[in-house]
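Source file input_27.csv; content: CSV, C-alpha atoms.
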chain,number,residue,atom,x,y,z
A,1,MET,CA,-27.5,125.8,126.7
A,2,LYS,CA,-27.2,129.6,126.8
A,3,LEU,CA,-26.0,131.2,130.1
A,4,HIS,CA,-29.1,133.4,130.5
A,5,VAL,CA,-31.3,130.3,130.3
A,6,ILE,CA,-29.2,128.6,133.0
A,7,LEU,CA,-29.5,131.7,135.2
A,8,ASP,CA,-33.2,131.9,134.7
A,9,ASN,CA,-33.6,128.3,135.9
A,10,LEU,CA,-31.5,128.8,139.0
A,11,GLY,CA,-34.2,130.7,140.8
A,12,PRO,CA,-33.9,133.7,143.1
A,13,PHE,CA,-31.9,131.9,145.9
A,14,SER,CA,-29.5,130.2,143.6
A,15,MET,CA,-29.2,133.3,141.5
A,16,LYS,CA,-28.0,135.2,144.6
A,17,ARG,CA,-25.4,132.5,145.2
A,18,PHE,CA,-24.4,132.5,141.6
A,19,LEU,CA,-23.7,136.2,141.8
A,20,SER,CA,-22.0,135.9,145.1
A,21,PHE,CA,-18.4,136.9,145.8
A,22,ARG,CA,-17.3,133.3,145.6
A,23,THR,CA,-18.7,132.9,142.1
A,24,LEU,CA,-17.3,136.1,140.9
A,25,PHE,CA,-13.9,135.1,142.3
A,26,LEU,CA,-14.2,131.8,140.4
A,27,PHE,CA,-15.0,133.7,137.2
A,28,PHE,CA,-11.9,135.8,137.4
A,29,THR,CA,-9.8,132.8,138.5
A,30,LEU,CA,-10.9,131.0,135.3
A,31,LEU,CA,-9.1,133.7,133.3
A,32,SER,CA,-5.8,133.0,135.0
A,33,PHE,CA,-3.2,130.6,133.5
A,34,VAL,CA,-2.9,128.8,136.8
A,35,ASN,CA,-6.4,127.4,136.8
A,36,CYS,CA,-7.3,127.1,133.1
A,37,GLU,CA,-5.3,123.9,132.7
A,38,TYR,CA,-7.2,122.3,135.7
A,39,LEU,CA,-10.6,123.4,134.4
A,40,GLN,CA,-9.7,122.3,130.9
A,41,ASP,CA,-9.2,118.8,132.4
A,42,ARG,CA,-12.7,119.1,134.0
A,43,LEU,CA,-14.5,120.3,131.0
A,44,THR,CA,-13.2,120.4,127.4
A,45,PRO,CA,-15.5,122.3,125.1
A,46,SER,CA,-15.7,121.3,121.5
A,47,ASP,CA,-13.4,123.2,119.1
A,48,ASN,CA,-16.3,124.9,117.2
A,49,LYS,CA,-17.5,126.8,120.3
A,50,SER,CA,-16.7,130.5,120.5
A,51,LEU,CA,-14.4,131.8,123.2
A,52,ALA,CA,-17.4,133.4,124.9
A,53,ASP,CA,-19.3,130.1,125.0
A,54,GLN,CA,-16.3,128.3,126.3
A,55,ILE,CA,-15.9,130.8,129.1
A,56,LYS,CA,-19.6,130.5,130.0
A,57,ASP,CA,-19.2,126.7,130.1
A,58,TYR,CA,-16.2,127.1,132.4
A,59,VAL,CA,-18.1,129.4,134.7
A,60,VAL,CA,-21.1,127.0,135.0
A,61,ALA,CA,-18.8,124.0,135.5
A,62,ALA,CA,-16.7,125.7,138.2
A,63,TYR,CA,-19.9,126.8,140.0
A,64,PHE,CA,-21.4,123.3,140.1
A,65,ALA,CA,-18.0,121.8,141.0
A,66,GLU,CA,-18.2,123.7,144.3
A,67,GLN,CA,-21.6,122.2,145.2
A,68,ASN,CA,-20.4,118.7,146.0
A,69,HIS,CA,-18.8,119.1,149.4
A,70,ALA,CA,-20.5,120.0,152.7
A,71,LEU,CA,-19.9,120.0,156.5
A,72,TYR,CA,-22.8,118.8,158.7
A,73,LYS,CA,-23.4,118.5,162.4
A,74,PHE,CA,-24.5,115.1,163.5
A,75,SER,CA,-27.5,115.7,165.9
A,76,THR,CA,-29.8,113.4,167.7
A,77,VAL,CA,-31.7,113.0,170.9
A,78,VAL,CA,-31.9,109.3,170.6
A,79,PRO,CA,-29.2,107.2,172.3
A,80,ASN,CA,-28.0,103.8,171.2
A,81,LEU,CA,-28.9,104.2,167.6
A,82,GLN,CA,-28.5,101.3,165.1
A,83,PRO,CA,-26.9,101.9,161.7
A,84,GLU,CA,-30.1,101.1,159.9
A,85,ASN,CA,-31.9,103.8,161.9
A,86,LEU,CA,-29.7,106.6,160.7
A,87,SER,CA,-31.2,109.0,158.1
A,88,PRO,CA,-30.8,112.5,156.7
A,89,LEU,CA,-32.8,113.9,159.7
A,90,TYR,CA,-29.7,113.5,161.8
A,91,PHE,CA,-27.5,115.8,159.7
A,92,GLN,CA,-27.9,119.5,160.3
A,93,ASN,CA,-26.3,122.9,159.6
A,94,PRO,CA,-22.9,123.1,161.4
A,95,TYR,CA,-24.2,126.0,163.5
A,96,PHE,CA,-27.2,124.0,164.8
A,97,GLN,CA,-27.4,124.1,168.6
A,98,ARG,CA,-23.7,124.8,168.9
A,99,ASP,CA,-22.1,124.1,172.3
A,100,ASN,CA,-18.8,126.1,172.3
A,101,SER,CA,-17.7,124.4,175.5
A,102,LYS,CA,-17.3,121.1,173.8
A,103,ALA,CA,-14.5,119.9,171.5
A,104,LYS,CA,-15.4,119.2,167.9
A,105,ILE,CA,-14.8,115.8,166.3
A,106,VAL,CA,-14.9,115.9,162.5
A,107,LEU,CA,-15.3,112.6,160.5
A,108,ILE,CA,-14.1,112.6,156.9
A,109,HIS,CA,-14.6,109.6,154.6
A,110,GLY,CA,-12.4,108.1,152.0
A,111,TRP,CA,-12.5,107.4,148.3
A,112,ASP,CA,-15.7,106.3,146.4
A,113,PHE,CA,-14.4,104.5,143.3
A,114,ALA,CA,-17.8,104.9,141.5
A,115,GLU,CA,-17.7,108.7,141.5
A,116,ARG,CA,-16.8,110.6,138.4
A,117,GLN,CA,-16.3,114.3,137.8
A,118,THR,CA,-19.0,114.2,135.1
A,119,ASP,CA,-21.6,113.1,137.7
A,120,LEU,CA,-24.4,115.5,138.4
A,121,PRO,CA,-23.9,117.7,141.5
A,122,THR,CA,-24.8,115.9,144.7
A,123,ASP,CA,-27.9,116.9,146.5
A,124,PHE,CA,-28.4,116.7,150.3
A,125,ASN,CA,-29.6,113.1,150.3
A,126,LYS,CA,-26.8,111.9,148.2
A,127,LYS,CA,-24.3,113.6,150.4
A,128,VAL,CA,-25.7,111.9,153.5
A,129,ALA,CA,-25.7,108.6,151.6
A,130,ASN,CA,-22.0,109.1,150.9
A,131,LEU,CA,-21.3,109.8,154.6
A,132,LEU,CA,-23.3,106.8,155.8
A,133,GLY,CA,-21.5,104.6,153.4
A,134,THR,CA,-18.5,104.9,155.6
A,135,TRP,CA,-19.6,106.1,159.0
A,136,ASN,CA,-23.0,104.4,159.7
A,137,GLN,CA,-21.6,102.0,162.2
A,138,GLY,CA,-19.2,104.5,163.6
A,139,LEU,CA,-22.0,107.0,164.2
A,140,ALA,CA,-24.1,104.4,165.9
A,141,PHE,CA,-21.2,103.5,168.2
A,142,ILE,CA,-20.8,107.3,169.0
A,143,THR,CA,-24.4,107.3,170.4
A,144,GLN,CA,-23.9,104.2,172.6
A,145,THR,CA,-24.2,104.6,176.4
A,146,THR,CA,-22.5,101.3,177.3
A,147,ASP,CA,-19.2,99.7,176.6
A,148,LEU,CA,-17.6,103.2,176.5
A,149,PRO,CA,-14.0,103.9,175.4
A,150,ALA,CA,-11.5,104.7,178.1
A,151,GLY,CA,-11.9,108.1,179.8
A,152,TYR,CA,-15.6,108.5,179.0
A,153,SER,CA,-18.3,108.8,181.6
A,154,SER,CA,-21.0,109.2,179.0
A,155,SER,CA,-21.4,108.5,175.3
A,156,VAL,CA,-18.9,109.9,172.8
A,157,TYR,CA,-21.9,111.9,171.4
A,158,ASP,CA,-22.6,113.5,174.8
A,159,THR,CA,-18.9,114.2,175.4
A,160,PHE,CA,-18.1,116.0,172.1
A,161,GLU,CA,-19.8,117.7,169.2
A,162,ILE,CA,-19.8,115.5,166.2
A,163,TYR,CA,-19.4,116.8,162.6
A,164,VAL,CA,-19.0,115.0,159.2
A,165,PHE,CA,-17.5,116.3,156.0
A,166,THR,CA,-18.3,114.9,152.5
A,167,TYR,CA,-16.7,115.7,149.2
A,168,ARG,CA,-16.4,114.5,145.6
A,169,THR,CA,-13.6,112.0,145.8
A,170,SER,CA,-12.9,112.0,142.1
A,171,ASP,CA,-11.6,115.6,142.3
A,172,HIS,CA,-7.9,116.4,143.0
A,173,ILE,CA,-6.9,115.6,146.6
A,174,ASP,CA,-5.3,119.1,147.0
A,175,VAL,CA,-8.5,120.8,145.7
A,176,ASN,CA,-10.5,118.8,148.2
A,177,GLY,CA,-8.0,119.8,150.9
A,178,ARG,CA,-8.7,123.4,150.1
A,179,ARG,CA,-12.4,122.8,150.3
A,180,PHE,CA,-12.0,121.1,153.6
A,181,ILE,CA,-10.0,123.8,155.3
A,182,ASP,CA,-12.2,126.5,153.9
A,183,SER,CA,-15.3,124.7,155.3
A,184,LEU,CA,-13.6,124.4,158.8
A,185,ASN,CA,-12.4,128.0,158.7
A,186,GLU,CA,-15.9,129.1,158.1
A,187,ALA,CA,-17.4,126.9,160.9
A,188,PHE,CA,-14.7,127.1,163.6
A,189,ASN,CA,-12.0,129.3,164.9
A,190,SER,CA,-8.6,128.8,166.6
A,191,SER,CA,-10.1,128.8,170.0
A,192,ASP,CA,-12.2,125.7,169.2
A,193,LYS,CA,-10.7,122.3,169.9
A,194,VAL,CA,-11.0,120.3,166.6
A,195,VAL,CA,-9.9,116.7,166.0
A,196,VAL,CA,-10.3,115.1,162.6
A,197,VAL,CA,-10.9,111.4,162.4
A,198,ALA,CA,-10.2,110.4,158.8
A,199,HIS,CA,-10.5,107.2,156.8
A,200,SER,CA,-8.4,106.3,153.8
A,201,MET,CA,-8.3,109.2,151.3
A,202,GLY,CA,-9.8,111.4,153.9
A,203,GLY,CA,-6.5,111.4,155.7
A,204,LEU,CA,-4.8,112.7,152.6
A,205,VAL,CA,-7.4,115.4,152.2
A,206,SER,CA,-6.9,116.3,155.8
A,207,ARG,CA,-3.1,116.5,155.4
A,208,ALA,CA,-3.6,118.6,152.2
A,209,ALA,CA,-5.9,120.9,154.3
A,210,VAL,CA,-3.4,121.6,157.1
A,211,GLN,CA,-0.6,122.2,154.5
A,212,HIS,CA,-2.8,124.5,152.4
A,213,PRO,CA,-2.1,128.3,152.4
A,214,ASN,CA,-5.7,128.8,153.4
A,215,ASN,CA,-4.9,127.2,156.8
A,216,THR,CA,-4.3,130.5,158.3
A,217,ASP,CA,-6.0,129.9,161.7
A,218,ASN,CA,-4.8,126.3,162.4
A,219,VAL,CA,-8.3,125.3,163.2
A,220,ILE,CA,-7.4,121.6,163.1
A,221,ASP,CA,-5.7,120.6,166.3
A,222,HIS,CA,-5.1,117.0,165.5
A,223,ILE,CA,-5.6,114.4,162.7
A,224,VAL,CA,-6.3,110.7,163.5
A,225,SER,CA,-6.0,108.7,160.3
A,226,LEU,CA,-7.4,105.2,159.7
A,227,GLY,CA,-5.9,103.2,156.8
A,228,THR,CA,-4.7,106.4,155.0
A,229,PRO,CA,-2.4,105.6,152.0
A,230,TYR,CA,0.3,108.2,152.7
A,231,TYR,CA,2.6,106.4,150.3
A,232,GLY,CA,-0.4,105.4,148.1
A,233,SER,CA,-1.8,102.1,147.2
A,234,PRO,CA,-0.5,99.6,144.7
A,235,TYR,CA,-4.0,99.3,143.3
A,236,SER,CA,-3.8,102.8,142.0
A,237,SER,CA,-0.3,102.4,140.6
A,238,PRO,CA,0.1,101.7,136.8
A,239,GLN,CA,3.4,100.1,137.4
A,240,TYR,CA,1.7,97.5,139.7
A,241,THR,CA,-1.7,97.0,138.2
A,242,GLY,CA,0.0,96.3,134.9
A,243,ASN,CA,1.1,93.0,136.4
A,244,LEU,CA,-2.4,91.9,137.3
A,245,SER,CA,-4.0,91.0,134.0
A,246,SER,CA,-7.8,91.5,134.0
A,247,ILE,CA,-7.8,92.8,137.6
A,248,GLY,CA,-5.3,95.5,136.5
A,249,THR,CA,-7.8,96.6,133.8
A,250,ILE,CA,-10.6,96.9,136.4
A,251,ILE,CA,-8.4,98.8,138.8
A,252,LYS,CA,-7.3,101.2,136.1
A,253,PHE,CA,-10.9,101.9,135.3
A,254,MET,CA,-11.8,102.6,138.9
A,255,THR,CA,-8.9,105.0,139.3
A,256,ASP,CA,-9.4,106.9,136.1
A,257,THR,CA,-10.1,110.2,137.9
A,258,PRO,CA,-7.7,112.8,139.3
A,259,GLY,CA,-8.7,111.8,142.8
A,260,GLY,CA,-8.1,108.1,142.1
A,261,LYS,CA,-4.8,108.8,140.4
A,262,GLY,CA,-3.7,110.8,143.4
A,263,LEU,CA,-3.8,107.5,145.4
A,264,ALA,CA,-1.0,106.0,143.3
A,265,TYR,CA,1.8,104.3,145.2
A,266,THR,CA,5.1,106.1,145.4
A,267,ASN,CA,8.5,104.7,146.3
A,268,GLY,CA,9.8,107.7,148.2
A,269,ILE,CA,12.5,108.9,145.9
A,270,SER,CA,12.3,112.7,146.5
A,271,ALA,CA,14.6,114.8,148.7
A,272,GLY,CA,13.4,114.6,152.2
A,273,VAL,CA,11.3,111.5,151.7
A,274,THR,CA,12.5,108.2,153.1
A,275,GLY,CA,12.2,105.3,150.7
A,276,ILE,CA,9.6,102.6,151.4
A,277,ASN,CA,9.7,98.9,151.0
A,278,PRO,CA,8.8,97.1,148.9
A,279,THR,CA,9.3,99.4,145.9
A,280,ILE,CA,7.3,99.1,142.7
A,281,THR,CA,9.1,99.2,139.4
A,282,ASP,CA,8.1,98.5,135.8
A,283,GLY,CA,11.4,98.0,134.0
A,284,THR,CA,13.3,101.2,134.7
A,285,ASN,CA,10.1,103.1,135.7
A,286,GLN,CA,9.8,103.6,139.5
A,287,ALA,CA,6.4,104.3,141.1
A,288,PHE,CA,6.3,108.0,141.8
A,289,ASN,CA,3.5,110.3,143.0
A,290,PHE,CA,4.5,113.9,143.1
A,291,LEU,CA,1.6,115.0,145.2
A,292,LEU,CA,2.1,112.4,147.9
A,293,GLU,CA,5.9,112.9,148.0
A,294,SER,CA,5.4,116.6,148.4
A,295,MET,CA,3.0,116.1,151.3
A,296,ILE,CA,5.3,113.5,152.9
A,297,ALA,CA,8.3,115.8,152.6
A,298,ASN,CA,6.4,118.5,154.5
A,299,THR,CA,6.9,117.4,158.1
A,300,SER,CA,5.5,120.6,159.7
A,301,LYS,CA,2.2,118.9,160.8
A,302,ASP,CA,3.6,115.5,161.8
A,303,SER,CA,3.4,116.4,165.5
A,304,ILE,CA,-0.4,116.7,165.2
A,305,THR,CA,-0.9,113.4,163.4
A,306,THR,CA,-1.7,110.0,164.7
A,307,VAL,CA,-1.9,107.0,162.3
A,308,TYR,CA,-3.6,103.6,162.4
A,309,GLY,CA,-2.8,100.9,159.9
A,310,GLY,CA,-4.7,97.7,159.4
A,311,ASP,CA,-2.9,94.3,158.8
A,312,MET,CA,-4.9,91.4,157.6
A,313,GLY,CA,-1.8,89.3,157.3
A,314,SER,CA,-1.0,87.1,154.3
A,315,ALA,CA,-2.3,84.0,156.2
A,316,ASN,CA,-5.7,85.6,157.0
A,317,CYS,CA,-7.0,86.9,153.6
A,318,SER,CA,-9.9,84.5,153.7
A,319,GLY,CA,-11.0,85.4,157.3
A,320,GLY,CA,-14.8,84.9,157.6
A,321,ASP,CA,-15.4,88.4,159.1
A,322,HIS,CA,-13.8,90.1,156.1
A,323,ALA,CA,-16.0,91.2,153.2
A,324,THR,CA,-15.5,89.3,150.0
A,325,THR,CA,-14.0,92.3,148.3
A,326,TYR,CA,-11.2,92.6,150.8
A,327,GLN,CA,-10.6,88.9,150.9
A,328,ALA,CA,-10.0,89.0,147.1
A,329,ALA,CA,-7.9,92.2,147.4
A,330,CYS,CA,-5.7,90.7,150.1
A,331,THR,CA,-5.1,87.6,148.1
A,332,VAL,CA,-4.0,89.7,145.1
A,333,ILE,CA,-1.8,92.0,147.0
A,334,THR,CA,0.0,89.2,148.8
A,335,ASN,CA,0.7,87.3,145.6
A,336,GLY,CA,1.4,90.2,143.2
A,337,ASN,CA,4.7,91.7,142.1
A,338,PRO,CA,6.0,92.9,144.4
A,339,VAL,CA,4.5,91.1,147.4
A,340,PHE,CA,2.9,93.1,150.1
A,341,ASN,CA,2.6,90.7,153.1
A,342,ASN,CA,1.2,93.3,155.4
A,343,SER,CA,-1.8,95.4,154.4
A,344,ASP,CA,-5.5,95.9,155.1
A,345,GLY,CA,-6.2,94.5,151.6
A,346,ILE,CA,-6.0,97.9,149.9
A,347,VAL,CA,-3.4,100.0,151.7
A,348,PRO,CA,0.1,98.5,152.6
A,349,LEU,CA,0.8,98.7,156.3
A,350,ALA,CA,3.9,100.8,155.9
A,351,SER,CA,2.0,103.3,153.7
A,352,ALA,CA,-0.7,103.7,156.3
A,353,LEU,CA,1.8,104.2,159.1
A,354,LEU,CA,3.6,106.9,157.2
A,355,ASN,CA,6.6,104.6,156.8
A,356,ASN,CA,6.9,104.5,160.7
A,357,ARG,CA,8.1,108.1,160.7
A,358,LEU,CA,6.1,109.4,163.7
A,359,ALA,CA,6.9,109.2,167.4
A,360,GLY,CA,6.0,105.9,169.0
A,361,GLY,CA,2.6,106.6,170.6
A,362,ASN,CA,1.4,108.2,167.3
A,363,THR,CA,1.8,105.0,165.3
A,364,ASN,CA,-0.7,102.1,165.7
A,365,THR,CA,-1.0,98.7,164.0
A,366,VAL,CA,-4.4,97.0,164.1
A,367,SER,CA,-4.1,93.3,163.5
A,368,ASP,CA,-6.6,91.3,161.4
A,369,MET,CA,-8.3,94.4,160.2
A,370,ASP,CA,-9.4,95.0,156.6
A,371,HIS,CA,-9.8,98.4,154.9
A,372,SER,CA,-13.5,98.8,155.6
A,373,GLN,CA,-13.1,97.7,159.2
A,374,MET,CA,-10.6,100.5,159.8
A,375,SER,CA,-13.6,102.9,159.6
A,376,PHE,CA,-15.5,100.7,162.1
A,377,ARG,CA,-17.7,99.0,159.4
A,378,ASN,CA,-18.6,95.4,159.7
A,379,GLU,CA,-19.1,94.6,156.0
A,380,GLY,CA,-18.3,90.9,156.6
A,381,GLY,CA,-21.5,90.7,158.7
A,382,THR,CA,-20.3,88.3,161.4
A,383,GLY,CA,-20.8,88.8,165.1
A,384,GLY,CA,-17.1,88.4,165.6
A,385,GLY,CA,-16.4,91.2,163.1
A,386,LEU,CA,-18.8,93.5,165.0
A,387,THR,CA,-16.9,92.9,168.2
A,388,LYS,CA,-13.6,93.5,166.5
A,389,VAL,CA,-14.6,96.8,165.0
A,390,LYS,CA,-16.1,98.0,168.3
A,391,THR,CA,-12.8,97.2,170.1
A,392,HIS,CA,-11.1,99.2,167.4
A,393,PHE,CA,-13.6,102.1,167.8
A,394,ASN,CA,-13.0,102.1,171.5
A,395,ASN,CA,-9.2,102.2,171.1
A,396,VAL,CA,-9.4,105.1,168.5
A,397,PHE,CA,-11.8,107.2,170.5
A,398,GLY,CA,-9.9,106.5,173.7
A,399,GLU,CA,-7.0,108.0,171.9
A,400,VAL,CA,-9.2,110.9,170.8
A,401,PHE,CA,-10.2,111.6,174.4
A,402,THR,CA,-6.5,111.7,175.4
A,403,ILE,CA,-5.7,114.0,172.6
A,404,VAL,CA,-8.5,116.4,173.4
A,405,SER,CA,-7.5,116.4,177.1
A,406,GLY,CA,-4.1,117.5,176.1
A,407,LEU,CA,-5.2,120.5,174.0
Let me see whether you can do it: turn the structure in this file into structure tokens.
Amino acid sequence: MKLHVILDNLGPFSMKRFLSFRTLFLFFTLLSFVNCEYLQDRLTPSDNKSLADQIKDYVVAAYFAEQNHALYKFSTVVPNLQPENLSPLYFQNPYFQRDNSKAKIVLIHGWDFAERQTDLPTDFNKKVANLLGTWNQGLAFITQTTDLPAGYSSSVYDTFEIYVFTYRTSDHIDVNGRRFIDSLNEAFNSSDKVVVVAHSMGGLVSRAAVQHPNNTDNVIDHIVSLGTPYYGSPYSSPQYTGNLSSIGTIIKFMTDTPGGKGLAYTNGISAGVTGINPTITDGTNQAFNFLLESMIANTSKDSITTVYGGDMGSANCSGGDHATTYQAACTVITNGNPVFNNSDGIVPLASALLNNRLAGGNTNTVSDMDHSQMSFRNEGGTGGGLTKVKTHFNNVFGEVFTIVSGL
């Protein structure tokens, strides 16, 4: 499709955005050697296209690549919501009815294995669906006026302002880190109290955000991570999945994106990175993830990090309140090569706890908790599971209250 046809179809509002400073910046960035390689991975034109046509394809691809992330404010006048009652109506512009006297809690979700970079740009409804796929139960808990976490005299919703961030998880983790910090820089300033509650990959995106050069105002005061694979997950490691026959093939398919590959397990072999146990090797090849080891070696933001790791335990893989997916994953990971006896079914406990590097109070193990339950979901569907994730929610948001009180 010719560029002028694309521009004609964008309409006046989109045209204005297309010709915005951001887009022009992207255009000139495309011409730099630094970003051409990344964009070539995103979109490889056929060899018979002219250079002009290739550049136009790059510009269009780069523009739409920046339409898949968003920061929303969670807003409701209805207390005690149930997960099934949540809808796009509750997600507003981040400046909607701002109360600058309240601290800001930002929820960021983890990896969606079904996403691909070739997917169409996400619209508002799809973005909300992505958010609710992780946070529906947690947002419902946030509106509850009974069984409050320690320190609260009213609901979490009434105590803080609640925000949610969504992004295309198939993109590079460090690119999403830049998008996250740029979004927070635009919405908040250094005088705001901002605590990020991050599930899984969201914790890596948050760590990439605070380590990114664009983090000039230090708008993030603290990160609370839930089941984040700081040392990666064996399920994304080719050295490990190669030992799993047909399951390995499935996992390799699911992680066949830059974002998924960024979750690959790493043994901790770089300078400044403590080795983790067990290690994964395939012959003489050690599991190594340059991105993760670089972020681990950077300890500058450890003091504003609190980690939670789930531990299903090898004897409880078949627990009735765990979803079938995580029962199966736990069985595989506790019988693979090497054996991971302690994990949430997806992320080894030591990986989620940053290899126990942080100060005592900032490291928390949650027993009998699978990967989805770490984000307060009850995918197993049992009453016991709901009670368990609510207790976990109360513990995490009790810690959030303590963190905010100390800012």
My list of candidates is A:Ser183, A:Asn136, A:Met374, A:Tyr157. Which is closest to Asn93 in chain A when distances are computed with only C-alpha atoms?
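Ranking A:Ser183, A:Asn136, A:Met374, A:Tyr157 by distance to Asn93 in chain A, first place goes to A:Ser183.
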Which residue is closest to Gln144 in chain A? Choose from A:Arg98, A:Lys390, A:Arg178, A:His199 and count only C-alpha atoms.
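Of all the options, A:Lys390 lies closest to Gln144 in chain A.
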Atomic separation - CA of Gly310 in chain A relative to CA of Val339 in chain A, Å
16.5 Å
For a quick check of understanding, using all atoms listed in the file, which of A:Leu51, A:Val195, A:Ile220, A:Ala70 has the smallest distance to Asp123 in chain A?
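Closest to Asp123 in chain A, using all atoms listed in the file: A:Ala70.
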Calculated over all atoms listed in the file, which of the candidates A:Ala352, A:Leu407, A:Leu226, A:Ala208 has the smallest distance to Ser294 in chain A?
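Checking each of A:Ala352, A:Leu407, A:Leu226, A:Ala208 against Ser294 in chain A, counting all atoms listed in the file, the winner is A:Ala208.
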Would you mind listing what lies within 12 Å of Lys261 in chain A as a compact mmCIF listing (two decimals) with C-alpha atoms, in the coordinates of the input, with all atoms listed in the file counted and same-chain residues fewer than 6 positions away left out?
# COMPACT_ATOMS: atom_id res chain seq x y z
CA TRP A 111 -12.50 107.40 148.30
CA PHE A 113 -14.40 104.50 143.30
CA THR A 169 -13.60 112.00 145.80
CA SER A 170 -12.90 112.00 142.10
CA ASP A 171 -11.60 115.60 142.30
CA HIS A 172 -7.90 116.40 143.00
CA ILE A 173 -6.90 115.60 146.60
CA MET A 201 -8.30 109.20 151.30
CA GLY A 232 -0.40 105.40 148.10
CA SER A 233 -1.80 102.10 147.20
CA PRO A 234 -0.50 99.60 144.70
CA TYR A 235 -4.00 99.30 143.30
CA SER A 236 -3.80 102.80 142.00
CA SER A 237 -0.30 102.40 140.60
CA PRO A 238 0.10 101.70 136.80
CA ILE A 251 -8.40 98.80 138.80
CA LYS A 252 -7.30 101.20 136.10
CA PHE A 253 -10.90 101.90 135.30
CA MET A 254 -11.80 102.60 138.90
CA THR A 255 -8.90 105.00 139.30
CA PHE A 288 6.30 108.00 141.80
CA ASN A 289 3.50 110.30 143.00
CA PHE A 290 4.50 113.90 143.10
CA LEU A 291 1.60 115.00 145.20
CA LEU A 292 2.10 112.40 147.90
Which neighbours of His222 in chain A fall inside 9 Å, counting all atoms listed in the file, when residues of the same chain fewer than 3 positions from it are skipped, and could you give them as a list in words?
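Selected residues are Lys193, Val194, Val195, Val196, Val197, Lys301, Ser303, Ile304, Thr305, Thr306, Ile403 and Val404 of chain A.
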Within 7 Å of Leu358 in chain A, counting all atoms listed in the file, which residues qualify if same-chain residues fewer than 3 places away don't, as number ranges by chain?
A: 302, 362-363
Distance query Asp174 in chain A at most 10 Å, all atoms listed in the file, self and fewer than 2 positions along chain excluded, as a tab-separated table (two decimals) with C-alpha atoms, in the frame of the given file:
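Below is the file part.tsv, written as the result:
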chain	number	residue	atom	x	y	z
A	171	ASP	CA	-11.60	115.60	142.30
A	172	HIS	CA	-7.90	116.40	143.00
A	176	ASN	CA	-10.50	118.80	148.20
A	177	GLY	CA	-8.00	119.80	150.90
A	178	ARG	CA	-8.70	123.40	150.10
A	179	ARG	CA	-12.40	122.80	150.30
A	180	PHE	CA	-12.00	121.10	153.60
A	204	LEU	CA	-4.80	112.70	152.60
A	205	VAL	CA	-7.40	115.40	152.20
A	206	SER	CA	-6.90	116.30	155.80
A	207	ARG	CA	-3.10	116.50	155.40
A	208	ALA	CA	-3.60	118.60	152.20
A	209	ALA	CA	-5.90	120.90	154.30
A	211	GLN	CA	-0.60	122.20	154.50
A	212	HIS	CA	-2.80	124.50	152.40
A	259	GLY	CA	-8.70	111.80	142.80
A	262	GLY	CA	-3.70	110.80	143.40
A	291	LEU	CA	1.60	115.00	145.20
A	295	MET	CA	3.00	116.10	151.30
To one decimal in Å, tell me the separation between CA of Ala297 in chain A and CA of Gly345 in chain A.
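We find that CA of Ala297 in chain A and CA of Gly345 in chain A lie 25.8 Å from each other.
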Take the point (-23.6, 116.3, 162.1) as written in the file and pick out every residue within 10 Å of it, counting all atoms listed in the file; give the list as a list in words.
Leu71, Tyr72, Lys73, Phe74, Ser75, Thr76, Pro88, Leu89, Tyr90, Phe91, Gln92, Asn93, Pro94, Tyr95, Phe96, Ile105, Val106, Leu107, Val128, Leu139, Glu161, Ile162, Tyr163, Val164 and Phe165 of chain A
What separation in Å, quoted to one decimal, exists between CA of Pro229 in chain A and CA of Ser351 in chain A?
5.2 Å
I'd like to know which of A:Thr325, A:Thr382, A:Asn355, A:Ser87 is closest to Thr266 in chain A, using only C-alpha atoms.
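Using only C-alpha atoms, Thr266 in chain A sits closest to A:Asn355.
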What's the 10 Å shell around Asn277 in chain A, counting all atoms listed in the file, without same-chain residues fewer than 3 positions away, as a PDB file with C-alpha atoms, keeping the file's coordinate frame?
ATOM      1  CA  ASN A 267       8.500 104.700 146.300  1.00  0.00           C
ATOM      2  CA  GLY A 268       9.800 107.700 148.200  1.00  0.00           C
ATOM      3  CA  THR A 274      12.500 108.200 153.100  1.00  0.00           C
ATOM      4  CA  ILE A 280       7.300  99.100 142.700  1.00  0.00           C
ATOM      5  CA  PRO A 338       6.000  92.900 144.400  1.00  0.00           C
ATOM      6  CA  PHE A 340       2.900  93.100 150.100  1.00  0.00           C
ATOM      7  CA  PRO A 348       0.100  98.500 152.600  1.00  0.00           C
ATOM      8  CA  ALA A 350       3.900 100.800 155.900  1.00  0.00           C
ATOM      9  CA  SER A 351       2.000 103.300 153.700  1.00  0.00           C
ATOM     10  CA  ASN A 355       6.600 104.600 156.800  1.00  0.00           C
TER      11      ASN A 355
END
Name the residues within 6 Å of (-3.1, 105.5, 158.7), counting all atoms listed in the file in the file's coordinates, and put them as a VMD selection string.
chain A and resid 225 to 228 307 to 309 352 to 353
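Nearest-residue note for Asp370 in chain A: choosing from A:Leu263, A:Ile108, A:Val156, A:Leu349, the minimum distance belongs to A:Leu349, counting only C-alpha atoms.
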To box range 152-168 of chain A, take all atoms listed in the file, fit an axis-aligned box, add 6 Å on each side, and give centre and edge lengths in Å to one decimal, as AutoDock Vina command-line options.
--center_x -19.1 --center_y 113.1 --center_z 163.6 --size_x 19.0 --size_y 21.2 --size_z 48.0
